[in-house]
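Trainee: Provided below: coords.txt, containing compact mmCIF, C-alpha atoms.
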# COMPACT_ATOMS: atom_id res chain seq x y z
CA MET A 1 184.65 113.75 56.14
CA SER A 2 182.59 111.73 53.68
CA ASP A 3 184.61 108.60 54.50
CA LEU A 4 184.08 109.26 58.21
CA TRP A 5 180.34 109.68 57.69
CA VAL A 6 180.15 106.43 55.74
CA THR A 7 182.10 104.63 58.47
CA LEU A 8 179.79 105.95 61.20
CA THR A 9 176.54 105.24 59.38
CA THR A 10 177.39 101.80 57.99
CA ALA A 11 176.30 98.93 60.23
CA ARG A 12 178.52 95.90 60.37
CA SER A 13 177.88 92.37 61.48
CA GLY A 14 178.48 91.47 65.09
CA PRO A 15 181.37 89.36 66.38
CA PRO A 16 181.11 85.59 66.94
CA LEU A 17 179.13 84.32 69.91
CA TRP A 18 182.29 83.32 71.77
CA VAL A 19 183.51 86.95 71.70
CA VAL A 20 180.22 88.19 73.17
CA LEU A 21 180.25 85.57 75.93
CA LEU A 22 183.95 86.00 76.67
CA SER A 23 183.55 89.77 76.98
CA ALA A 24 180.61 89.22 79.37
CA LEU A 25 182.66 86.84 81.51
CA ALA A 26 185.62 89.22 81.50
CA ALA A 27 183.43 92.14 82.60
CA LEU A 28 181.84 89.99 85.30
CA GLY A 29 185.29 89.03 86.55
CA VAL A 30 186.40 92.67 86.69
CA VAL A 31 183.28 93.71 88.60
CA SER A 32 183.33 90.73 90.96
CA TRP A 33 187.02 90.69 91.94
CA SER A 34 187.72 93.34 94.58
CA THR A 35 191.15 94.37 93.27
CA SER A 36 190.09 94.83 89.65
CA TRP A 37 186.88 96.53 90.79
CA GLN A 38 188.80 99.12 92.80
CA LEU A 39 191.02 99.81 89.79
CA SER A 40 188.12 100.15 87.35
CA ARG A 41 185.41 101.61 89.57
CA GLY A 42 186.48 105.12 88.62
CA LEU A 43 185.00 104.53 85.17
CA ILE A 44 181.60 103.97 86.78
CA THR A 45 182.11 107.14 88.81
CA ILE A 46 182.71 109.08 85.59
CA ALA A 47 179.37 107.84 84.24
CA HIS A 48 177.69 108.51 87.61
CA GLU A 49 178.82 112.12 87.84
CA GLY A 50 178.14 112.60 84.14
CA GLY A 51 174.55 111.54 84.80
CA HIS A 52 174.19 114.17 87.52
CA ALA A 53 175.70 116.82 85.24
CA LEU A 54 173.55 115.99 82.22
CA MET A 55 170.34 115.98 84.26
CA ALA A 56 171.31 119.30 85.86
CA LEU A 57 171.68 120.82 82.40
CA LEU A 58 168.40 119.29 81.19
CA THR A 59 166.54 120.70 84.20
CA ARG A 60 168.22 124.10 83.75
CA ARG A 61 170.17 124.07 86.96
CA LYS A 62 173.45 125.97 86.92
CA LEU A 63 176.29 123.46 86.68
CA GLU A 64 179.33 124.73 88.57
CA GLY A 65 181.67 121.81 88.06
CA ILE A 66 182.59 118.16 88.63
CA ARG A 67 185.27 116.67 90.84
CA LEU A 68 186.63 113.12 90.59
CA HIS A 69 188.70 111.79 93.48
CA SER A 70 191.38 109.12 93.75
CA ASP A 71 189.22 107.03 96.11
CA THR A 72 186.76 106.59 93.17
CA SER A 73 184.27 109.01 94.69
CA GLY A 74 183.07 112.14 92.97
CA VAL A 75 180.85 115.17 93.36
CA THR A 76 178.86 117.31 90.95
CA LEU A 77 178.23 120.86 92.06
CA THR A 78 175.06 122.60 90.88
CA ARG A 79 173.23 125.74 91.87
CA GLY A 80 169.53 126.49 91.78
CA ARG A 81 166.42 125.84 93.81
CA PRO A 82 167.30 123.60 96.79
CA ARG A 83 164.09 121.64 96.31
CA GLY A 84 161.73 120.77 93.50
CA PRO A 85 161.68 118.47 90.45
CA GLY A 86 164.99 119.70 89.03
CA MET A 87 166.91 118.93 92.20
CA ILE A 88 165.16 115.56 92.61
CA LEU A 89 165.90 114.47 89.05
CA THR A 90 169.51 115.62 89.30
CA ALA A 91 170.06 113.69 92.53
CA ALA A 92 168.35 110.58 91.14
CA ALA A 93 170.31 110.48 87.89
CA GLY A 94 173.71 109.40 89.22
CA TYR A 95 173.26 105.78 90.23
CA VAL A 96 171.19 104.88 87.18
CA ALA A 97 173.42 106.67 84.65
CA PRO A 98 175.99 103.85 84.11
CA SER A 99 173.24 101.29 83.50
CA LEU A 100 171.30 103.56 81.15
CA LEU A 101 174.50 104.38 79.27
CA GLY A 102 175.21 100.65 79.06
CA LEU A 103 171.73 99.99 77.68
CA GLY A 104 172.19 102.66 75.02
CA GLY A 105 175.58 101.21 74.21
CA ALA A 106 174.07 97.73 73.95
CA TRP A 107 171.54 99.01 71.43
CA LEU A 108 174.20 100.68 69.29
CA THR A 109 176.63 97.77 69.52
CA SER A 110 174.04 95.10 68.75
CA SER A 111 172.87 97.19 65.77
CA GLY A 112 176.40 97.19 64.36
CA TYR A 113 177.20 100.84 65.06
CA VAL A 114 180.34 100.34 67.12
CA GLU A 115 182.03 103.43 65.66
CA VAL A 116 179.04 105.58 66.61
CA LEU A 117 179.26 104.32 70.19
CA ILE A 118 182.98 105.07 70.37
CA ALA A 119 182.45 108.54 68.90
CA VAL A 120 179.64 109.31 71.35
CA VAL A 121 181.75 108.21 74.33
CA ILE A 122 184.71 110.35 73.24
CA VAL A 123 182.46 113.40 72.71
CA LEU A 124 180.85 112.92 76.14
CA LEU A 125 184.26 112.59 77.79
CA PHE A 126 185.43 115.80 76.08
CA CYS A 127 182.32 117.70 77.19
CA MET A 128 182.78 116.42 80.73
CA LEU A 129 186.45 117.45 80.66
CA LEU A 130 185.34 121.07 80.24
CA LEU A 131 183.46 120.81 83.54
CA ILE A 132 186.17 119.15 85.65
CA ARG A 133 187.47 121.29 88.52
CA ASN A 134 190.36 119.24 89.92
CA LEU A 135 193.63 117.83 88.58
CA PHE A 136 192.89 114.17 89.28
CA GLY A 137 189.63 114.47 87.35
CA VAL A 138 191.41 115.99 84.37
CA VAL A 139 194.04 113.25 84.37
CA SER A 140 191.36 110.54 84.69
CA LEU A 141 189.35 111.78 81.73
CA LEU A 142 192.41 112.39 79.54
CA ALA A 143 193.72 108.90 80.33
CA THR A 144 190.36 107.29 79.61
CA GLY A 145 189.71 109.21 76.40
CA GLY A 146 193.31 108.80 75.25
CA ALA A 147 193.28 105.05 75.82
CA ILE A 148 190.02 104.64 73.88
CA SER A 149 191.24 106.82 71.01
CA ALA A 150 194.61 105.08 70.77
CA PHE A 151 193.09 101.61 70.86
CA THR A 152 190.49 102.36 68.19
CA TRP A 153 193.05 104.13 65.99
CA TYR A 154 195.61 101.31 65.94
CA ALA A 155 193.49 98.20 66.51
CA GLU A 156 191.75 96.16 63.87
CA PRO A 157 187.97 96.71 63.42
CA ASP A 158 187.20 93.36 65.03
CA MET A 159 189.13 94.43 68.11
CA ASP A 160 187.06 97.63 68.26
CA ALA A 161 183.93 95.51 68.43
CA ALA A 162 185.41 93.34 71.19
CA LEU A 163 186.31 96.47 73.19
CA ALA A 164 182.81 97.87 72.69
CA TYR A 165 181.17 94.67 73.93
CA LEU A 166 183.49 94.54 76.94
CA ALA A 167 182.78 98.18 77.81
CA VAL A 168 179.02 97.77 77.48
CA TRP A 169 178.97 94.63 79.60
CA PHE A 170 181.11 96.44 82.18
CA LEU A 171 178.65 99.35 82.37
CA LEU A 172 175.65 97.02 82.66
CA LEU A 173 177.23 94.84 85.36
CA GLY A 174 179.20 97.62 87.03
CA GLY A 175 176.09 99.74 87.33
CA VAL A 176 174.61 97.25 89.80
CA ARG A 177 177.45 96.81 92.29
CA PRO A 178 177.65 100.45 93.54
CA ILE A 179 173.95 100.31 94.43
CA VAL A 180 174.49 97.17 96.50
CA GLU A 181 177.51 98.82 98.13
CA LEU A 182 175.43 101.92 98.85
CA GLN A 183 172.79 99.96 100.74
CA ARG A 184 175.48 98.13 102.70
CA LYS A 185 177.00 101.46 103.75
CA ARG A 186 173.59 102.88 104.63
CA ARG A 187 172.82 99.86 106.77
CA HIS A 188 175.93 100.59 108.85
CA GLY A 189 175.29 104.34 108.94
CA ARG A 190 178.31 105.19 106.79
CA ALA A 191 176.51 107.12 104.01
CA PRO A 192 174.31 109.78 105.64
CA ASP A 193 174.69 112.15 102.67
CA SER A 194 174.29 109.61 99.86
CA ASP A 195 172.10 110.36 96.85
CA ALA A 196 169.37 108.14 98.31
CA ASP A 197 169.39 109.99 101.63
CA GLN A 198 169.39 113.37 99.88
CA LEU A 199 166.37 112.21 97.89
CA ALA A 200 164.69 111.11 101.13
CA ARG A 201 165.10 114.64 102.47
CA LEU A 202 163.78 116.12 99.21
CA THR A 203 160.72 113.87 99.03
CA PHE A 204 158.36 112.00 101.34
CA LEU A 205 159.91 108.67 100.27
CA PRO A 206 162.52 106.92 102.45
CA GLY A 207 166.09 106.36 101.29
CA GLY A 208 165.53 102.61 101.05
CA PHE A 209 162.87 103.19 98.42
CA TRP A 210 165.33 105.12 96.26
CA VAL A 211 167.97 102.43 96.60
CA PHE A 212 165.37 99.86 95.54
CA LEU A 213 164.37 102.04 92.58
CA PHE A 214 168.02 102.40 91.52
CA LEU A 215 168.40 98.63 91.70
CA VAL A 216 165.24 97.99 89.68
CA VAL A 217 166.41 100.34 86.91
CA ALA A 218 169.92 98.83 86.87
CA GLY A 219 168.54 95.29 86.85
CA ALA A 220 166.11 96.06 84.03
CA CYS A 221 168.91 97.63 81.99
CA LEU A 222 171.10 94.57 82.57
CA VAL A 223 168.37 92.17 81.42
CA ALA A 224 167.43 94.29 78.40
CA GLY A 225 171.08 94.92 77.51
CA ALA A 226 171.92 91.22 77.70
CA TYR A 227 168.99 90.44 75.43
CA LEU A 228 170.26 92.97 72.89
CA LEU A 229 173.88 91.84 73.05
CA LEU A 230 173.33 88.12 72.69
CA PRO A 231 173.10 87.01 69.05
CA SER A 232 169.65 86.05 67.76
CA ALA A 233 170.68 82.46 67.02
CA PHE A 234 171.76 81.96 70.63
CA LYS A 235 168.52 83.47 71.99
CA LEU A 236 166.40 81.27 69.75
CA SER A 237 168.25 78.15 70.92
CA TRP A 238 167.02 78.91 74.42
Please express the file's structure as C-alpha cells.

Mentor:
Amino acid sequence: MSDLWVTLTTARSGPPLWVVLLSALAALGVVSWSTSWQLSRGLITIAHEGGHALMALLTRRKLEGIRLHSDTSGVTLTRGRPRGPGMILTAAAGYVAPSLLGLGGAWLTSSGYVEVLIAVVIVLLFCMLLLIRNLFGVVSLLATGGAISAFTWYAEPDMDAALAYLAVWFLLLGGVRPIVELQRKRRHGRAPDSDADQLARLTFLPGGFWVFLFLVVAGACLVAGAYLLLPSAFKLSW
C-alpha cells in the first residue's frame, strides 16, 4: 500500500512534445472520422450518463439506474420533484460532463499525476457499474475498465502517459461533437425529448439557449485543456 501511495502521489515529467501533439491528432482523427466516431462514441455516452447520475446524487434525487444502448444512446433514470433546481441541474449535466471530465483529466495529466487519473477513472467506472440496469451497459463498462486496467498493468509507464493524453484529448474533442449533432437533430425535429428540450420545458429559456450554453462550456474546456496539455516551452514559443 505504501508503494501504491508513493506511486499515486509522485508527479512525473510529461512526455515529449511530439507525443502530446500526436495524441491530439489521433483523437481529432477518431472524433472526425464517422466510422471511428461511431465505434468510440459510446465512451462519451458513458461520461454523459455518468454526469447525469453524479448530479442527481449531488442534488439528492433518487437515482434508479443507468442504461447504455448499442446505438450509443443512454438514459439515466431518477426520481424526485419533476421540476426545480435539482431536476434542472441533473438534466444540464449530461452534455457538459465529458468536457469537464476532460478538463479535470488535463489538469491531472499536465501536473504529472497520470496514475491518479487512471485510478479515478477506474473507480468512477466501478461506481457506475453498480448502477447499470441492462446487460449491454454492464458489458460496455467491464470492457472499458478491463481494457484500461490491462493496458496500465502491462504497459511501460511512458505508454500510460501516452494513453492518458490520448484519452483526455478524446474527451475534450469528443465532448463538442455530440452538441453539434444535437442541434442538427433539433433543427430537423428529430430530438423532441433531448436534454435541451427538457430544459426548455423546465425553464423559461428556449432549447437553443441550452445547446449554446453546452457548446460554450465544451469550447471553454477544450481551450483550457489544450493550454494545460501543451508543454510550457511550446506555449512560450507562440

Trainee: Of the candidates A:Gly29, A:Gly102, A:Gly137, A:Pro15, which one gets nearest to Asp71 in chain A if we count all atoms listed in the file?

Mentor: A:Gly137

Trainee: So which one's closest to Ser194 in chain A, A:Gly74, A:Gly175, A:Gly104, A:Pro85? Using only C-alpha atoms, please.

Mentor: A:Gly74

Trainee: So the first atom is CA of Leu103 in chain A and the second is CA of Leu228 in chain A; what is the distance between them in Å, to one decimal place?

Mentor: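 According to the coordinates, CA of Leu103 in chain A and CA of Leu228 in chain A are separated by 8.6 Å.
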
Trainee: Quick one: distance from CA of His52 in chain A to CA of Gly86 in chain A in Å, one decimal?

Mentor: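 These two atoms are separated by 10.8 Å.
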
Trainee: So what do you get for CA of Tyr165 in chain A versus CA of Ala92 in chain A, distance-wise?

Mentor: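 So the two atoms, CA of Tyr165 in chain A and CA of Ala92 in chain A, lie 26.7 Å apart.
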
Trainee: Kindly indicate which residue among A:Gly84, A:Gly14, A:Pro157, A:Gly94 lies nearest to Gly112 in chain A, using all atoms listed in the file for the distances.

Mentor: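 The answer is A:Gly14, which sits nearest to Gly112 in chain A.
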
Trainee: Compare A:Val216, A:Leu63, A:Leu108, A:Leu25 by their minimum atom-to-atom distance to Ile179 in chain A, counting all atoms listed in the file, and give me the closest one.

Mentor: A:Val216

Trainee: For Gly51 in chain A, which residue among A:Ala27, A:Val20, A:Leu141, A:Val96 is the nearest when counting all atoms listed in the file?

Mentor: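 Under the stated criterion, the closest residue is A:Val96.
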
Trainee: For Leu230 in chain A, which of A:Val121, A:Ala106, A:Val31, A:Ala26 is the closest residue, counting only C-alpha atoms?

Mentor: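 Checking each of A:Val121, A:Ala106, A:Val31, A:Ala26 against Leu230 in chain A, counting only C-alpha atoms, the winner is A:Ala106.
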